[in-house]
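A.B. asks: Shown below is the structure under consideration.
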Amino acid sequence: MSKESWQTIQERGQQSVAVWGQWNAAFKVGKDTLATLEAAVQALPGAAQNVKIQQDAVDDLRNARDTRVALITLLAVQMPRKLDGDLEAEDPYHGDLENIRGVEITGMGSAETRGQMVNALWLKLNARLAAETPAKPAMTVGGKTQANLQTALTELPERKQLVEKAVSLLNDRRGVLRGFMRTADGLSKRWYAAWQGEFAEGTPQRAALSQIDTGSPAGEPDSGGSSSAGGSSSSSQSSSSSSSNSSLGSISSSSSGPP
């Protein structure tokens, strides 16, 4: 399977469509026709744009999720530290602090767990402060309140679900793009080999293959044997669409998995 970018596959597909259509539009490769290749090549930019749009959406949702995780992590560490200094030596809340310290933050899940424990202690502390005579103000940490922690904890599960759904859609869209890439790349190479077999050296149809860039990014012929002798570089014929969506240039027809 090719590891080329969709733009490279599109450019070679466009070159193949041009030669195929000019010299023998009725030529078939097995059951595949010129229209099959043409449709796959034309579908590539739209499919790539759909991936880019969804990747941007995933990035935004991850940022929103991670902002909440960062706040939870901060308060889950700082609040116990501050409270430990405020409490008298015999205060029973030291036991709560020991339990909290037993949860080491190593990721999102442990941050959420420790945050819930800190939130519960913070609520108890504020209630005790309010019940004193005279009543004392609720505890704040770096200008943040227990309500700030509670809000972040309440919103986090939904934010995680939104990211999961967005990543799933992104993978679907990547799959669609890879499908068009496989079709365009595979049929271009099969057509090239079949065309070589159909038209002998010295014929204008065979000579037309020189218009097709068969080189891989490393400068070696593509695997499958269909892009051996006969091709020459045609970078001057690069499609204007090759420069669009450049941030997607690294997506290959064999890539997989979430960003």
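Chain identifiers are assigned as A, B, and so on, following the order in which chains appear in the structure tokens; residues are numbered from 1 within each chain, and ligands are numbered from 1 in order of appearance.
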Quick check for you: according to DSSP on this backbone, which residues of range 81-189 of chain A are classed as helix (DSSP H, G or I)? Reply as a PyMOL selection string.
C.D. replies: chain A and resi 81-86+93-101+108-131+146-189
A.B. asks: Neighbouring residues of range 186-201 of chain A were defined as those with any atom within 7 Å, considering only C-alpha atoms; residues of the same chain fewer than 2 positions away were excluded. Please report them as a PDB file with C-alpha atoms, in the first residue's frame.
C.D. replies:
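And here is the file that came out, around16.pdb:
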```pdb
ATOM      1  CA  GLY A  13      -4.344  10.248 -11.064  1.00  0.00           C
ATOM      2  CA  SER A  16      -3.365   9.190 -15.855  1.00  0.00           C
ATOM      3  CA  VAL A  29      -8.659  -2.275 -16.714  1.00  0.00           C
ATOM      4  CA  LEU A  37     -10.513   6.616 -11.777  1.00  0.00           C
ATOM      5  CA  ARG A 182      -6.591   3.362  -2.450  1.00  0.00           C
ATOM      6  CA  THR A 183      -8.906   3.427  -5.455  1.00  0.00           C
ATOM      7  CA  ALA A 184      -7.076   6.241  -7.228  1.00  0.00           C
ATOM      8  CA  THR A 203       3.358   3.889 -30.470  1.00  0.00           C
ATOM      9  CA  GLN A 205      -0.105   5.764 -26.819  1.00  0.00           C
ATOM     10  CA  ARG A 206       2.950   4.217 -25.176  1.00  0.00           C
ATOM     11  CA  SER A 226       3.404  -0.975 -12.652  1.00  0.00           C
ATOM     12  CA  SER A 227       5.541   2.140 -12.512  1.00  0.00           C
TER      13      SER A 227
END
```
A.B. asks: Please indicate the distance in Å from CA of Ala120 in chain A to CA of Thr133 in chain A, rounded to one decimal place.
C.D. replies: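 CA of Ala120 in chain A sits 22.7 Å away from CA of Thr133 in chain A.
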A.B. asks: Work out how far CA of Glu158 in chain A is from CA of Pro80 in chain A, in Å to one decimal.
C.D. replies: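 Straight-line distance from CA of Pro80 in chain A to CA of Glu158 in chain A works out to 26.4 Å.
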A.B. asks: How many Å lie between CA of Ala64 in chain A and CA of Met139 in chain A, rounded to one decimal?
C.D. replies: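 So the two atoms, CA of Ala64 in chain A and CA of Met139 in chain A, lie 26.2 Å apart.
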A.B. asks: Neighbouring residues of range 71-78 of chain A were defined as those with any atom within 10 Å, considering only C-alpha atoms; residues of the same chain fewer than 3 positions away were excluded. Please report them as a PDB file with N, CA, C and O atoms, in the first residue's frame.
C.D. replies:
```pdb
ATOM      1  N   ASP A  66      -9.297  19.640  28.115  1.00  0.00           N
ATOM      2  CA  ASP A  66      -8.030  19.717  28.834  1.00  0.00           C
ATOM      3  C   ASP A  66      -7.955  20.945  29.743  1.00  0.00           C
ATOM      4  O   ASP A  66      -7.236  20.933  30.750  1.00  0.00           O
ATOM      5  N   THR A  67      -8.676  22.013  29.370  1.00  0.00           N
ATOM      6  CA  THR A  67      -8.728  23.188  30.241  1.00  0.00           C
ATOM      7  C   THR A  67      -9.360  22.833  31.575  1.00  0.00           C
ATOM      8  O   THR A  67      -8.893  23.252  32.645  1.00  0.00           O
ATOM      9  N   ARG A  68     -10.397  22.036  31.537  1.00  0.00           N
ATOM     10  CA  ARG A  68     -11.061  21.609  32.762  1.00  0.00           C
ATOM     11  C   ARG A  68     -10.190  20.641  33.560  1.00  0.00           C
ATOM     12  O   ARG A  68     -10.129  20.718  34.789  1.00  0.00           O
ATOM     13  N   ARG A  81      -2.567  21.308  49.932  1.00  0.00           N
ATOM     14  CA  ARG A  81      -1.350  21.936  50.458  1.00  0.00           C
ATOM     15  C   ARG A  81      -1.693  23.127  51.341  1.00  0.00           C
ATOM     16  O   ARG A  81      -1.136  23.306  52.426  1.00  0.00           O
ATOM     17  N   LYS A  82      -2.603  23.955  50.844  1.00  0.00           N
ATOM     18  CA  LYS A  82      -2.969  25.142  51.628  1.00  0.00           C
ATOM     19  C   LYS A  82      -3.662  24.745  52.913  1.00  0.00           C
ATOM     20  O   LYS A  82      -3.371  25.289  53.991  1.00  0.00           O
ATOM     21  N   LEU A  83      -4.588  23.794  52.808  1.00  0.00           N
ATOM     22  CA  LEU A  83      -5.337  23.383  53.999  1.00  0.00           C
ATOM     23  C   LEU A  83      -4.429  22.748  55.040  1.00  0.00           C
ATOM     24  O   LEU A  83      -4.618  22.955  56.245  1.00  0.00           O
ATOM     25  N   ASP A  84      -3.433  22.013  54.603  1.00  0.00           N
ATOM     26  CA  ASP A  84      -2.512  21.360  55.533  1.00  0.00           C
ATOM     27  C   ASP A  84      -1.805  22.392  56.397  1.00  0.00           C
ATOM     28  O   ASP A  84      -1.542  22.160  57.589  1.00  0.00           O
ATOM     29  N   ILE A 100      -6.414  11.779  50.475  1.00  0.00           N
ATOM     30  CA  ILE A 100      -6.246  12.489  49.202  1.00  0.00           C
ATOM     31  C   ILE A 100      -4.833  12.305  48.670  1.00  0.00           C
ATOM     32  O   ILE A 100      -4.629  12.049  47.478  1.00  0.00           O
ATOM     33  N   ARG A 101      -3.858  12.409  49.556  1.00  0.00           N
ATOM     34  CA  ARG A 101      -2.468  12.254  49.118  1.00  0.00           C
ATOM     35  C   ARG A 101      -2.194  10.840  48.609  1.00  0.00           C
ATOM     36  O   ARG A 101      -1.239  10.611  47.869  1.00  0.00           O
ATOM     37  N   GLU A 104      -2.276   9.474  43.603  1.00  0.00           N
ATOM     38  CA  GLU A 104      -1.285  10.195  42.795  1.00  0.00           C
ATOM     39  C   GLU A 104      -1.879  10.512  41.434  1.00  0.00           C
ATOM     40  O   GLU A 104      -2.475   9.654  40.779  1.00  0.00           O
ATOM     41  N   ILE A 105      -1.726  11.740  41.010  1.00  0.00           N
ATOM     42  CA  ILE A 105      -2.270  12.155  39.709  1.00  0.00           C
ATOM     43  C   ILE A 105      -1.304  11.726  38.607  1.00  0.00           C
ATOM     44  O   ILE A 105      -0.199  12.263  38.485  1.00  0.00           O
ATOM     45  N   GLY A 107      -2.813  10.921  35.380  1.00  0.00           N
ATOM     46  CA  GLY A 107      -3.550  11.090  34.138  1.00  0.00           C
ATOM     47  C   GLY A 107      -4.905  11.699  34.410  1.00  0.00           C
ATOM     48  O   GLY A 107      -5.224  12.110  35.534  1.00  0.00           O
ATOM     49  N   MET A 108      -5.741  11.722  33.389  1.00  0.00           N
ATOM     50  CA  MET A 108      -7.048  12.344  33.509  1.00  0.00           C
ATOM     51  C   MET A 108      -7.922  11.641  34.549  1.00  0.00           C
ATOM     52  O   MET A 108      -8.605  12.294  35.343  1.00  0.00           O
ATOM     53  N   SER A 110      -7.121   9.756  37.229  1.00  0.00           N
ATOM     54  CA  SER A 110      -6.703   9.958  38.616  1.00  0.00           C
ATOM     55  C   SER A 110      -6.885  11.412  39.045  1.00  0.00           C
ATOM     56  O   SER A 110      -7.166  11.690  40.218  1.00  0.00           O
ATOM     57  N   ALA A 111      -6.756  12.349  38.095  1.00  0.00           N
ATOM     58  CA  ALA A 111      -7.005  13.753  38.421  1.00  0.00           C
ATOM     59  C   ALA A 111      -8.472  13.949  38.794  1.00  0.00           C
ATOM     60  O   ALA A 111      -8.801  14.670  39.748  1.00  0.00           O
ATOM     61  N   GLU A 112      -9.361  13.291  38.049  1.00  0.00           N
ATOM     62  CA  GLU A 112     -10.788  13.394  38.333  1.00  0.00           C
ATOM     63  C   GLU A 112     -11.114  12.760  39.684  1.00  0.00           C
ATOM     64  O   GLU A 112     -11.888  13.321  40.471  1.00  0.00           O
ATOM     65  N   THR A 113     -10.520  11.614  39.974  1.00  0.00           N
ATOM     66  CA  THR A 113     -10.768  10.937  41.248  1.00  0.00           C
ATOM     67  C   THR A 113     -10.310  11.793  42.430  1.00  0.00           C
ATOM     68  O   THR A 113     -11.044  12.001  43.401  1.00  0.00           O
ATOM     69  N   ARG A 114      -9.092  12.299  42.333  1.00  0.00           N
ATOM     70  CA  ARG A 114      -8.576  13.132  43.427  1.00  0.00           C
ATOM     71  C   ARG A 114      -9.368  14.435  43.519  1.00  0.00           C
ATOM     72  O   ARG A 114      -9.622  14.940  44.624  1.00  0.00           O
ATOM     73  N   GLY A 115      -9.765  14.967  42.373  1.00  0.00           N
ATOM     74  CA  GLY A 115     -10.562  16.190  42.390  1.00  0.00           C
ATOM     75  C   GLY A 115     -11.875  16.008  43.119  1.00  0.00           C
ATOM     76  O   GLY A 115     -12.322  16.900  43.860  1.00  0.00           O
ATOM     77  N   GLN A 116     -12.521  14.851  42.922  1.00  0.00           N
ATOM     78  CA  GLN A 116     -13.771  14.580  43.626  1.00  0.00           C
ATOM     79  C   GLN A 116     -13.541  14.509  45.134  1.00  0.00           C
ATOM     80  O   GLN A 116     -14.379  14.995  45.928  1.00  0.00           O
ATOM     81  N   MET A 117     -12.441  13.911  45.545  1.00  0.00           N
ATOM     82  CA  MET A 117     -12.137  13.812  46.978  1.00  0.00           C
ATOM     83  C   MET A 117     -11.865  15.196  47.565  1.00  0.00           C
ATOM     84  O   MET A 117     -12.328  15.513  48.671  1.00  0.00           O
ATOM     85  N   VAL A 118     -11.119  16.013  46.836  1.00  0.00           N
ATOM     86  CA  VAL A 118     -10.831  17.367  47.306  1.00  0.00           C
ATOM     87  C   VAL A 118     -12.112  18.191  47.372  1.00  0.00           C
ATOM     88  O   VAL A 118     -12.342  18.954  48.320  1.00  0.00           O
ATOM     89  N   ASN A 119     -12.960  18.025  46.377  1.00  0.00           N
ATOM     90  CA  ASN A 119     -14.217  18.775  46.346  1.00  0.00           C
ATOM     91  C   ASN A 119     -15.088  18.444  47.566  1.00  0.00           C
ATOM     92  O   ASN A 119     -15.685  19.330  48.192  1.00  0.00           O
ATOM     93  N   THR A 140     -10.619  29.931  49.670  1.00  0.00           N
ATOM     94  CA  THR A 140     -10.254  30.133  48.263  1.00  0.00           C
ATOM     95  C   THR A 140      -8.805  29.704  48.077  1.00  0.00           C
ATOM     96  O   THR A 140      -8.003  29.760  49.008  1.00  0.00           O
ATOM     97  N   VAL A 141      -8.493  29.297  46.860  1.00  0.00           N
ATOM     98  CA  VAL A 141      -7.127  28.870  46.522  1.00  0.00           C
ATOM     99  C   VAL A 141      -6.724  29.588  45.240  1.00  0.00           C
ATOM    100  O   VAL A 141      -7.262  29.308  44.166  1.00  0.00           O
ATOM    101  N   GLY A 142      -5.811  30.533  45.375  1.00  0.00           N
ATOM    102  CA  GLY A 142      -5.383  31.287  44.208  1.00  0.00           C
ATOM    103  C   GLY A 142      -6.526  32.009  43.523  1.00  0.00           C
ATOM    104  O   GLY A 142      -6.541  32.156  42.300  1.00  0.00           O
ATOM    105  N   LYS A 144      -9.518  30.912  43.294  1.00  0.00           N
ATOM    106  CA  LYS A 144     -10.514  29.927  42.867  1.00  0.00           C
ATOM    107  C   LYS A 144     -11.296  29.431  44.077  1.00  0.00           C
ATOM    108  O   LYS A 144     -10.770  29.330  45.184  1.00  0.00           O
ATOM    109  N   THR A 145     -12.558  29.094  43.827  1.00  0.00           N
ATOM    110  CA  THR A 145     -13.429  28.626  44.885  1.00  0.00           C
ATOM    111  C   THR A 145     -13.808  27.171  44.680  1.00  0.00           C
ATOM    112  O   THR A 145     -13.519  26.573  43.639  1.00  0.00           O
ATOM    113  N   GLN A 146     -14.502  26.628  45.669  1.00  0.00           N
ATOM    114  CA  GLN A 146     -14.992  25.255  45.549  1.00  0.00           C
ATOM    115  C   GLN A 146     -15.953  25.134  44.384  1.00  0.00           C
ATOM    116  O   GLN A 146     -16.000  24.097  43.704  1.00  0.00           O
ATOM    117  N   ASN A 148     -15.746  26.609  41.538  1.00  0.00           N
ATOM    118  CA  ASN A 148     -14.961  26.460  40.306  1.00  0.00           C
ATOM    119  C   ASN A 148     -14.553  25.006  40.088  1.00  0.00           C
ATOM    120  O   ASN A 148     -14.632  24.481  38.967  1.00  0.00           O
ATOM    121  N   LEU A 149     -14.144  24.344  41.155  1.00  0.00           N
ATOM    122  CA  LEU A 149     -13.771  22.937  41.059  1.00  0.00           C
ATOM    123  C   LEU A 149     -14.993  22.083  40.744  1.00  0.00           C
ATOM    124  O   LEU A 149     -14.943  21.188  39.885  1.00  0.00           O
ATOM    125  N   GLN A 150     -16.102  22.358  41.410  1.00  0.00           N
ATOM    126  CA  GLN A 150     -17.326  21.596  41.184  1.00  0.00           C
ATOM    127  C   GLN A 150     -17.791  21.710  39.731  1.00  0.00           C
ATOM    128  O   GLN A 150     -18.190  20.714  39.112  1.00  0.00           O
ATOM    129  N   THR A 151     -17.733  22.920  39.191  1.00  0.00           N
ATOM    130  CA  THR A 151     -18.160  23.124  37.801  1.00  0.00           C
ATOM    131  C   THR A 151     -17.295  22.335  36.837  1.00  0.00           C
ATOM    132  O   THR A 151     -17.801  21.681  35.912  1.00  0.00           O
ATOM    133  N   ALA A 152     -15.988  22.377  37.042  1.00  0.00           N
ATOM    134  CA  ALA A 152     -15.077  21.641  36.162  1.00  0.00           C
ATOM    135  C   ALA A 152     -15.337  20.138  36.237  1.00  0.00           C
ATOM    136  O   ALA A 152     -15.343  19.442  35.214  1.00  0.00           O
ATOM    137  N   LEU A 153     -15.560  19.635  37.441  1.00  0.00           N
ATOM    138  CA  LEU A 153     -15.830  18.209  37.624  1.00  0.00           C
ATOM    139  C   LEU A 153     -17.160  17.806  36.991  1.00  0.00           C
ATOM    140  O   LEU A 153     -17.289  16.717  36.420  1.00  0.00           O
ATOM    141  N   LEU A 156     -16.712  17.846  33.035  1.00  0.00           N
ATOM    142  CA  LEU A 156     -15.695  16.984  32.437  1.00  0.00           C
ATOM    143  C   LEU A 156     -16.262  15.739  31.747  1.00  0.00           C
ATOM    144  O   LEU A 156     -15.853  15.419  30.622  1.00  0.00           O
TER     145      LEU A 156
END
```
A.B. asks: Give the answer as one residue: which of A:Thr8, A:Gln161, A:Ala130, A:Thr214 has the shortest atom-to-atom distance to Leu44 in chain A, using only C-alpha atoms?
C.D. replies: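 Closest to Leu44 in chain A, using only C-alpha atoms: A:Thr8.
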A.B. asks: Which one of A:Val69, A:Ala47, A:Leu34, A:Ala131 sits closest to Asp172 in chain A if you count only C-alpha atoms?
C.D. replies: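 Comparing A:Val69, A:Ala47, A:Leu34, A:Ala131 against Asp172 in chain A, the winner is A:Ala47.
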A.B. asks: If you run DSSP over the backbone, which residues in range 22-253 of chain A end up strand (DSSP E or B)? Put them as a count of residues only.
C.D. replies: 7
A.B. asks: Considering only C-alpha atoms, can you say which of A:Pro157, A:Leu162, A:Ser5, A:Ala135 comes closest to Ala48 in chain A?
C.D. replies: A:Ser5
